[in-house]
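Colleague: Here it is: the structure, laid out below.
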Amino acid sequence: MTLSIDRDGNLVDVYLSETRDLAAAKAFLRSAKSVTQVEPEQVTTDGHTSYPRAITEELGTDVDHRTSQYKNNVIEQDHRGIKGRYRSMRGFKNFDAAHRFCRAFDEIRNFLHPTCYINQTISLARRRVIHVQRVAALRGLISAA
């Protein structure tokens, strides 16, 4: 599973692929670029061999590709929620089930998570109010569907 987040930690796009190759990396970068309509200045990855060529072909040579494990930590921490769910279920039985779960899980979690920026604090009471409002909105969306 590949996901992209912006510099503030907000989810941009999620992409799940059966293979981890150049075609999957290029498809993910195209998808993330079409969602944001922005050319990134920097891309941070885990250093897999398919990313440098995919970044060059899809985003151009002006994009700075960073592979530091410490700069990638925000993305790895974002995977914790999904890993906690599928490990207890002993994995997904097929790719379609994994795809549906990952897409829905990340979108709902991102919707419920209050937006905060680096060095900005949100009080617990304010977080609670935001969470209650968003859960009510989510219930309304689900009941309408």
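Residues in the structure tokens are numbered from 1 in each chain, the chains being A, B, ... in the order shown, and ligands are numbered from 1 in the order shown.
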Just want the 8 Å neighbourhood of segment 49-60 of chain A, counted on only C-alpha atoms, with same-chain residues fewer than 4 positions away dropped. Output as a VMD selection string.
Modeller: chain A and resid 20 to 23 25 to 26 29 to 30 39 to 40 45 65
